[in-house]
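Everything below concerns the one structure shown next.
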Amino acid sequence: AGSTSLSGLLPPYDELYYRGVRAYFTKDWEKAAEYIELSISTREALRKTRRKCHDACSTAGDEIVSRLDREKGTSWDLWALDWIQQRAECIRFCLGRAVTPAGQLPVSSDIEYEFGTRNAYNFLQLIYYELSKPRKAAAAAHTFFMANPSHLEMRNNIEKYRRMPGVTEDAFEDRERELEKHWEVYDAAVTAESSSDWALAVKRWKECVNETLKQTDECRAQCVVASQRLPEETDSTEGAYEKAAALSLSLLACKQACVALVSTRPGRISSHEDFLPMQLEHLHIAQYKAGDLKGAVQTLRSLLLFYPKDNETLSNLQLYSESLEGDTEAQATGPSQEISNYISRALAEKKLLYFGVENLDFKFFDPDLWTPEDIVPESLRESWRAEREQLIEKLKEGEKVLEVDDSGFYAGGPVPLVGVTITMDDEALNGTNRVVFDGVLSQSECDTVMQLARIAASVGDGYKGRRSPHTPHEKFEGLTVLRAFKLAQDGMLNQSDAKLLHEIGERARILIHSYFRSHSALYFSYTHLVCRSAIPGHQEGRLDLSHPVHVDNCILEPETRQCWREAPAFTHRDLSAILYLNDDFEGGELFFTDRDAKTITARVKPSCGRLVGFTSGPVNPHGVTAVTAGRRCALALWFTTEKHHRDMERQEAEAMLGIDGQKVKEEKEESDSNPTPARSGRSQSSKSRSKERERVSSGRDEL
Ligand SMILES: O=C(O)CCC(=O)C(=O)O
Ligand SMILES: [Fe+2]
C-alpha cells in the first residue's frame with residue numbers, strides 16, 4: 001500500500017496506528033505489523049513534508065521578525081497578523097499538495113504520548129515475535145528500551161532475543177536513532193574527555209554543538225503544525241487579530257520548547273538545563289588542553305553571547321588573550337557564526353513572544369536560563385522569579401529523595417550470561433545502582449560450595465572459628481580461594497570444588513562489570529565465602545543485626561548523612577556483590593537503607609544462585625538481619641577499578657593452579673519462556689557520570 005492513500009496524499013498516521021492496534025488485539029499479526037509500520041513511516045513522511053514546507057515558506061514572514069527588531073514595539077498585533085497570515089497561507093498550500101486534509105490536523109495528545117514513549121515499538125516487538133521474525137523483534141524491543149531504560153520486562157525480552165538463533169548484535173538497532181544523534185556524539189565527547197584525549201574531545205564537542213543545533217532546527221521546523229491552521233472565518237470576523245496573534249504565539253512557544261526537547265534524553269523526564277552553553281564550556285576547556293588557544297577564544301566569545309557578564313568566562317578570556325600575546329588576530333577572534341545566528345534569532349523571537357505574553361495573557365515559561373533580564377517585560381519578570389524559585393524548591397526536595405551516585409557506574413548494562421535474569425533493578429530496589437540477578441548458580445553448584453564451606457569449617461577456618469565480629473549471637477566462618485586451594489593441595493578438599501569457588505567469583509565479576517557499565521577493567525579487591533550461623537540458645541529476644549548497617553567504602557555517619565571516605569573503610573572498593581548459596585535458615589535478609597541508616601528502602605531474601613550487586617559508596621547503605629536459626633552462606637565479593645588494589649592472594653591462588661583469571665564457563669541452560677508484552681511507562685533515572693573521584697588508599701583488604 002505504501003505510506004500514501006489512494007489520492008497519493010499522506011493519510012492521518014493516527015488512524016493507521018489505531019487500525020494496527022485493533023488488529024493486534026484480534027491477533028491478526030500480519031495486519032497489525034503492516035499498519036503499525038505504516039503509521040510509523042507515515043508519521044516520518046509527514047515530518048519530512050513539514051520540514052520541506054517549513055523551508056519553502058521560511059521567507060514568508062521571517063523577515064518580519066527582524067523588522068520588528070528594528071522598529072521596536074510598534075503595532076505588535078499588526079506585525080503578528082501579517083506574519084502568521086503569510087506563513088499560514090504558504091504552508092497550507094505546501095502541505096496540501098502532499099498530505100490529505102485529515103492528515104494535516106494535529107493528532108490527539110494520546111497519540112503524541114504513544115509515539116513519544118515509543119510504545120508503537122512495544123507492540124511491534126511482540127508482533128514480530130509472534131510472526132517468528134526475531135531480528136525485527138529485537139530492533140523494535142531495542143528501540144522501545146532506549147526510551148524506557150528501566151523497563152524490566154523489555155530488558156528481559158531483549159536478553160531472550162539475544163539468545164535466539166539468527167539474532168546477531170547488529171539486529172539491536174535504534175530505529176529512531178536519527179533524532180537522537182546528538183546524544184551519541186555527546187557520549188563520545190564525554191568519553192574522549194574522561195580519557196583526556198583532548199584533540200578528540202575538541203572534535204566530538206564541536207560535533208555535539210553542531211548536531212544539537214541541527215536537531216533544534218529540525219524540531220523547530222515541525223512547529224509549522226502550530227501555525228498551519230488559521231480558521232477561515234477569522235479572516236472577516238472580529239477578533240481576527242487576537243486569534244492570529246494567539247496562533248503566532250503558539251508557534252513561537254512551540255519553537256522555544258525545542259530547547260527543552262532537544263536537551264532531554266529519551267527515557268528521561270528532566271532536561272539538561274543550559275545544554276548548549278554547557279557544551280561550549282566543555283569545548284573551550286578541551287581546546288585549551290589541546291593547545292588550540294585561538295579556538296578556545298572563539299568558543300568563549302560564543303559563550304559570552306549567552307552570558308555576557310559571566311565572570312569566569314571573562315577571566316578565562318583574559319587568560320587566553322594574555323597567552324596569545326602578540327597574536328592580535330587570534331585575540332580578536334569572534335564568536336562562531338552558527339552560535340551568533342542562533343542567539344540573534346532566539347532573541348528576536350523572544351522579544352516578539354514577550355510582547356505577546358504581556359498583551360495577550362498568554363502563558364509561557366522560558367526554557368532558556370540565559371535570557372537577558374532586560375528583554376523580559378517587568379510584569380513577566382516578577383512572575384517568573386516566583387516560578388523559578390518554586391522550581392528550585394522542588395528540585396531541592398527531589399534531591400533529598402533522589403540520591404545521586406557520582407561513582408561513574410551506571411546500572412542497566414547488558415547481562416552477558418545465559419540463564420541469568422534480572423529479578424530486581426534500581427526501581428524495584430528503590431535506589432540507585434542496585435541489582436538482583438537470579439540463576440547465577442545451579443542447585444548442584446550451590447550444594448558443592450556449601451559442602452566446601454562445611455569441610456573448611458571443620459578443619460578450622462580463616463577466622464579461627466571465632467564469633468562474628470558483628471554479633472555475639474552468631475558464629476562467623478570464612479574461606480578464601482587461596483585457602484581453599486591450599487586445603488585442596490593438602491587433600492582436604494576436592495580440587496575441582498575449589499576451582500568452582502574460583503570460577504563462580506569470575507562469573508559474578510563479569511556480570512557486575514557489564515551490568516554497571518564499567519568503563520575500566522574491574523579487579524577483585526577481596527572475596528570470601530562466608531557463613532553466619534545462629535548459636536543455639538543465644539537467640540531469645542535478640543534485637544541486634546547479623547551485620548549492622550554500613551557502607552562498604554566509607555564510614556557512614558547517619559546523624560549528618562555524611563560518609564567519610566577514609567580508613568578504616570575500604571575506600572578503594574568500587575562495586576560490591578554477594579552471591580547467595582542457600583535459604584534453609586531463619587532471618588538473614590539483606591536490606592538497603594537511606595543514609596539515615598534507619599529507613600529501609602529494599603529487602604533481599606537470599607537463595608541459591610541469587611546475586612546482589614551495588615556500588616560500594618554512600619548511595620547504598622546496607623545491613624543483614626539476625627540469623628536466628630541455621631547457617632547462611634554466601635560468597636561476598638568486592639571489586640576495584642584500581643589495579644594496584646587488586647587481590648594479590650587471588651592471584652597467588654591462580655598462579656598455584658595455572659588458572660586464567662578471565663575465563664568463565666557458559667554452561668547455563670537457556671530459559672525458554674516467551675517474551676512478555678511490556679507495559680508502557682516512563683521512569684526517571686537520575687544518575688550522573690563520574691566526576692573527579694577522590695582516591696584514598698588504605699591498608700590491605702580483608703573482612
Ligand atoms: O551477606 C550479606 O548479605 C551482606 C554482607 C555485607 O554487607 C558485607 O560483608 O559487607
Ligand atoms: Fe557490606
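In the C-alpha cells, each chain is lettered A, B, ... as it comes, each chain's residues begin at 1, and ligands are numbered from 1 in order of appearance.
Every residue having at least one atom no farther than 7 Å from ligand 2 is included below, with only C-alpha atoms and all ligand atoms taken into account: His550, Val551, Asp552, His622 and Gly623 of chain A.
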Those in range 505-546 of chain A with strand (DSSP E) from DSSP, as a list in words: Tyr523, Phe524, Ser525, Tyr526, Thr527, His528, Leu529, Val530, Cys531, Arg532, Ser533, Ala534, Leu545 and Ser546 of chain A
From A:Pro106, A:Gly291, A:Gly419, A:Pro621, residue lying nearest ligand 1 [only C-alpha atoms and all ligand atoms]: A:Pro621
Near-Tyr121 in chain A list (8 Å; only C-alpha atoms; drop same-chain fewer than 6 positions) as a ChimeraX atom specification: /A:140-141,143-144
Save the residues we just selected, N, CA and C atoms, as an mmCIF file, in the first residue's frame?
data_model
loop_
_atom_site.group_PDB
_atom_site.id
_atom_site.type_symbol
_atom_site.label_atom_id
_atom_site.label_comp_id
_atom_site.auth_asym_id
_atom_site.auth_seq_id
_atom_site.Cartn_x
_atom_site.Cartn_y
_atom_site.Cartn_z
ATOM 1 N N ALA A 140 12.845 -3.680 17.345
ATOM 2 C CA ALA A 140 11.717 -2.955 17.946
ATOM 3 C C ALA A 140 11.891 -2.887 19.462
ATOM 4 N N ALA A 141 12.289 -4.010 20.052
ATOM 5 C CA ALA A 141 12.482 -4.049 21.505
ATOM 6 C C ALA A 141 13.567 -3.058 21.914
ATOM 7 N N THR A 143 14.580 -0.403 20.310
ATOM 8 C CA THR A 143 14.119 0.968 20.092
ATOM 9 C C THR A 143 13.226 1.432 21.238
ATOM 10 N N PHE A 144 12.348 0.535 21.679
ATOM 11 C CA PHE A 144 11.477 0.877 22.806
ATOM 12 C C PHE A 144 12.306 1.076 24.073
#
Near-ligand residues for ligand 1, threshold 9 Å, only C-alpha atoms and all ligand atoms, as number ranges by chain: A: 530-532, 546-552, 576-580, 588-591, 604-606, 612, 621-625, 632-638, 703
Alpha helix (DSSP H) call set, DSSP backbone run, range 9-256 of chain A, as a PyMOL selection string: chain A and resi 13-25+29-56+59-70+76-96+101-104+109-116+119-130+134-147+152-162+181-194+198-221+224-227+240-256
Among listed residues A:Val202, A:Ala120, A:Ala330, A:Ile455, nearest Ile40 in chain A (using only C-alpha atoms):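 Closest to Ile40 in chain A of all the choices is A:Ala120.
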Could you list, as a PDB file with N, CA and C atoms, in the first residue's frame, every residue within 9 Å of Thr49 in chain A, counting only C-alpha atoms and ignoring same-chain residues fewer than 6 positions away?
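Generated file (around_4.pdb):
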ATOM      1  N   CYS A  94       1.497  24.385   0.660  1.00  0.00           N
ATOM      2  CA  CYS A  94       2.585  23.404   0.527  1.00  0.00           C
ATOM      3  C   CYS A  94       2.171  22.036   1.070  1.00  0.00           C
ATOM      4  N   LEU A  95       1.603  22.015   2.269  1.00  0.00           N
ATOM      5  CA  LEU A  95       1.196  20.749   2.877  1.00  0.00           C
ATOM      6  C   LEU A  95       0.062  20.109   2.081  1.00  0.00           C
ATOM      7  N   ALA A  98       0.781  17.488  -0.449  1.00  0.00           N
ATOM      8  CA  ALA A  98       1.349  16.187  -0.081  1.00  0.00           C
ATOM      9  C   ALA A  98       0.541  15.429   0.966  1.00  0.00           C
ATOM     10  N   VAL A  99      -0.320  16.122   1.688  1.00  0.00           N
ATOM     11  CA  VAL A  99      -0.992  15.490   2.823  1.00  0.00           C
ATOM     12  C   VAL A  99      -2.508  15.643   2.680  1.00  0.00           C
TER      13      VAL A  99
END
Contact residues around Ile36 in chain A with only C-alpha atoms at 8 Å, ignoring same-chain residues under 2 positions, as a list in words: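 Final neighbour list, sorted by chain and number: Leu16, Tyr17, Arg19, Gly20, Val21, Ala32, Ala33, Glu34, Leu38, Ser39, Ile40, Ala120 and Leu124 of chain A.
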Give me a file of those residues, with C-alpha atoms, as a PDB file, in the first residue's frame.
ATOM      1  CA  LEU A  16      -3.289   3.762  10.726  1.00  0.00           C
ATOM      2  CA  TYR A  17      -1.980   3.245  14.226  1.00  0.00           C
ATOM      3  CA  ARG A  19      -6.062   0.040  12.883  1.00  0.00           C
ATOM      4  CA  GLY A  20      -2.804  -1.697  13.736  1.00  0.00           C
ATOM      5  CA  VAL A  21      -3.641  -1.807  17.438  1.00  0.00           C
ATOM      6  CA  ALA A  32      -1.030  -5.435  12.893  1.00  0.00           C
ATOM      7  CA  ALA A  33       2.576  -5.318  11.697  1.00  0.00           C
ATOM      8  CA  GLU A  34       1.561  -3.772   8.395  1.00  0.00           C
ATOM      9  CA  LEU A  38       2.682   2.126   8.071  1.00  0.00           C
ATOM     10  CA  SER A  39       1.765   4.556  10.817  1.00  0.00           C
ATOM     11  CA  ILE A  40       5.436   4.918  11.746  1.00  0.00           C
ATOM     12  CA  ALA A 120       4.443   1.568  18.917  1.00  0.00           C
ATOM     13  CA  LEU A 124       5.891  -4.290  17.207  1.00  0.00           C
TER      14      LEU A 124
END
Nearest to Ala188 in chain A by atom-to-atom distance, counting only C-alpha atoms, from A:Ala171, A:Ile555, A:Cys208, A:Val259: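 Using only C-alpha atoms, Ala188 in chain A sits closest to A:Cys208.
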